[in-house]
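Asks: Following this message is one structure expressed as structure tokens.
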Amino acid sequence: MRGLKRSIRIAVVGARASGKSYLLHDLIHAFRIMGYEPEELPLSYPHSSFGAFFYDAFHVETGGMRGTESYACRPENHYGALLSCHSRWQQRLLPSVEVDFLNIPGEVFDPDSQRLALFDDLIRLITAKGKGLFEQATWSCPSGHTLRLIIPVGFQWENIGRVKVNSRSRYGNYMGWENLHEELTTGHYQETKREPVSGKELLTRITELQTDSVLLSLEEVWTQLTTVRKLDLQECRAQRVLHYFYPLMYCRQATDLILCDRLTSDENTGRLAETMSAFIEQGKQRKPHVYLAFREADKLLRREGWDALRQHVTGSEPSPVLRNKLYTSVLEEIQGRLTTSDVHPQLVNMSDDDRRHILQCFGDGVGHAFWLLLYTAEDDSLRGKLLRKITHRKSVYEQSNMTEKLLPPHVYFTATPIDEAMHVYVNDPNDVTRFYCDEENHLRSFTRELSDNRARHLCFGSYQLLTDILHQHGIPPSVTGQRSDLLSSVRNY
């Protein structure tokens, strides 16, 4: 890619049905709305494309979106792109973006298990090992595609049999050496290179390595690996440390971490945020930017509210300024309703249960929930403190004690699908993964409307979230002055 480039790695975490897949769907569309177009991926690219995400995430027959179940995570379950900006709204040369993301079930961060403590111990042991324990073996097939495996030093494939594994079993479970041997042989791969790697190099390259081989090699050398601190392999298996090794390592390497919450769920993300805060604190070296994205913001708005917002939409495509104006109108009323239960907004219809759910996700000060996650992820280095002083920004602790500013930074309210004409698509009662709009006795499927170019995505909330993410990486919006003071305060800390 030519010119400047930013690398962004986004971990999206949340319970089942919290909106992770739809948020990623929205973020990909938001990139396109901003004028970013994907370039051709090289054969050596280790992850799947944005196009593959749509293929994997949607039911072909129903148009509904698949839920995120627990799965054996490999580089192919990553999705990424090399993006360049060609927006007609663009007022300056913007950097290209190399972005990838991973959809992570919230159960990975189970607060009632010892998984994170055991994982942290294991990472320390792997990092401390120099070369002499592992090798990286590169395999290539006739098409030019390559696989990078980790094997114990001296490993010989001649001693390994071949056993085929069905795709369903492969999706939910990691494979054995025999299964790997069969896949390599069937795919006509040939080993072309071996090189020694240290434990630290292995962890750095983890998202480019064939995951099954990494986990198998760790088990093979477990005795040598744990000579300094004894770790029980059976306990690590029971706590699923190895099963979730890849997504946990990805969260350690992520530049941005989005926590997803569903407004109509009986459970909130408070405990999950606190568990992830402890996880970030363990990592120490890298602190990601953290965000909270609520799903189903459309359920907070009165019917009359949507009609009022729709009157502002003219023309075939809302400008960035108008998109933010529509979102800000809703956000201002949400904040007003959160600040006091006595106000009666014109657009928002928030029940006491909704208000309680949101506030419990925020937490009471920096010791709880999302405020704690923000506090833990804040740059507390000398550079970070000086930057806040120069830009006159308050610390997370200071902001958490501002009674007039109840809305924490990096919090966004996203909606179930809404198109640019402000049509709201609701869950199909016969298939909760599918969304449709029934207006004027005409049923519209959201997926089909977008696929057939009969409608464009508004990306309500997710467009603003992506703007925030890009801002954290030094990429300004393509149009200046498009954010209100409230929206600007949400992205800054």
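Residue numbering restarts at 1 for every chain of the structure tokens, chains are lettered A, B, ... in their displayed order, and ligands are numbered from 1 as they appear.
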Run DSSP on the backbone of this structure and report the residues of stretch 173-421 of chain A it assigns to strand (DSSP E or B), as a PyMOL selection string.

Replies: chain A and resi 190-197+256-262+289-295+301+348+411-413+418-419

Asks: So that I can check the surroundings of A:Val290, please list as a PDB file with C-alpha atoms, in the first residue's frame every protein, DNA and RNA residue that reaches within 12 Å of it, counting only C-alpha atoms and ignoring chain neighbours fewer than 4 positions away.

Replies:
```
ATOM      1  CA  ARG A   9      -6.683  -4.818  15.443  1.00  0.00           C
ATOM      2  CA  ILE A  10     -10.214  -4.914  16.846  1.00  0.00           C
ATOM      3  CA  ALA A  11     -11.364  -7.477  19.424  1.00  0.00           C
ATOM      4  CA  VAL A  12     -15.170  -7.567  19.757  1.00  0.00           C
ATOM      5  CA  VAL A  13     -16.276  -9.283  22.978  1.00  0.00           C
ATOM      6  CA  CYS A 251      -6.932  -9.573  23.040  1.00  0.00           C
ATOM      7  CA  ALA A 254      -5.477  -5.883  20.035  1.00  0.00           C
ATOM      8  CA  THR A 255      -5.222  -2.138  19.560  1.00  0.00           C
ATOM      9  CA  ASP A 256      -8.945  -1.682  20.200  1.00  0.00           C
ATOM     10  CA  LEU A 257     -11.367  -3.682  22.331  1.00  0.00           C
ATOM     11  CA  ILE A 258     -15.147  -3.308  22.004  1.00  0.00           C
ATOM     12  CA  LEU A 259     -17.441  -4.646  24.715  1.00  0.00           C
ATOM     13  CA  CYS A 260     -20.957  -5.409  23.427  1.00  0.00           C
ATOM     14  CA  ALA A 273     -15.879  -5.363  32.070  1.00  0.00           C
ATOM     15  CA  MET A 276     -11.411  -7.766  31.237  1.00  0.00           C
ATOM     16  CA  SER A 277      -9.953  -4.927  33.296  1.00  0.00           C
ATOM     17  CA  ILE A 280      -5.541  -5.861  30.717  1.00  0.00           C
ATOM     18  CA  PHE A 370     -16.912   0.046  32.341  1.00  0.00           C
ATOM     19  CA  TRP A 371     -15.487   3.002  34.284  1.00  0.00           C
ATOM     20  CA  LEU A 372     -12.952   0.548  35.748  1.00  0.00           C
ATOM     21  CA  LEU A 373     -12.132  -0.787  32.274  1.00  0.00           C
ATOM     22  CA  LEU A 374     -11.564   2.779  31.034  1.00  0.00           C
ATOM     23  CA  TYR A 375      -9.404   3.567  34.051  1.00  0.00           C
ATOM     24  CA  THR A 376      -7.276   0.442  33.586  1.00  0.00           C
ATOM     25  CA  ALA A 377      -6.791   1.064  29.858  1.00  0.00           C
ATOM     26  CA  GLU A 378      -5.906   4.751  30.289  1.00  0.00           C
ATOM     27  CA  ASP A 379      -2.391   5.749  29.298  1.00  0.00           C
ATOM     28  CA  PRO A 408     -18.437   7.845  30.056  1.00  0.00           C
ATOM     29  CA  PRO A 409     -16.059   8.271  27.117  1.00  0.00           C
ATOM     30  CA  HIS A 410     -16.200   5.732  24.282  1.00  0.00           C
ATOM     31  CA  VAL A 411     -19.817   4.669  24.864  1.00  0.00           C
ATOM     32  CA  TYR A 412     -22.061   4.241  21.821  1.00  0.00           C
ATOM     33  CA  LEU A 465     -17.846   4.413  16.935  1.00  0.00           C
ATOM     34  CA  ASP A 468     -13.720   7.311  17.343  1.00  0.00           C
ATOM     35  CA  ILE A 469     -11.525   4.280  16.621  1.00  0.00           C
ATOM     36  CA  GLN A 472      -7.496   7.134  18.431  1.00  0.00           C
ATOM     37  CA  ARG A 491     -14.401  10.168  21.963  1.00  0.00           C
ATOM     38  CA  ASN A 492     -11.873  12.187  24.004  1.00  0.00           C
ATOM     39  CA  TYR A 493     -10.113  11.319  27.234  1.00  0.00           C
TER      40      TYR A 493
END
```

Asks: If you run DSSP over the backbone, which residues in stretch 365-421 of chain A end up helix (DSSP H, G or I)? Put them as a VMD selection string.

Replies: chain A and resid 369 to 377 382 to 391 396 to 400

Asks: Give me, as a list in words, all polymer residues having an atom no more than 7 Å from A:Arg115, counting only C-alpha atoms and skipping those fewer than 2 positions away in the same chain.

Replies: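 The filter keeps Ser113, Ala117, Leu118, Phe119, Gln239, Arg240 and Val241 of chain A.
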
Asks: So what do you get for atom CA of A:Leu133 versus atom CA of A:Glu191, distance-wise?

Replies: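 Between these atoms lies a distance of 19.2 Å.
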
Asks: For A:Leu122, find every residue with an atom within 10 Å (counting only C-alpha atoms), except residues of its own chain fewer than 3 positions away, and show them as a ChimeraX atom specification.

Replies: /A:116-119,125-127,218,225-226,229-231,236,241-242,245

Asks: Quick one: residues within 10 Å of stretch 164-170 of chain A, only C-alpha atoms, excluding same-chain residues fewer than 5 positions away - as a PyMOL selection string?

Replies: chain A and resi 71-72+175-176+178-183+186
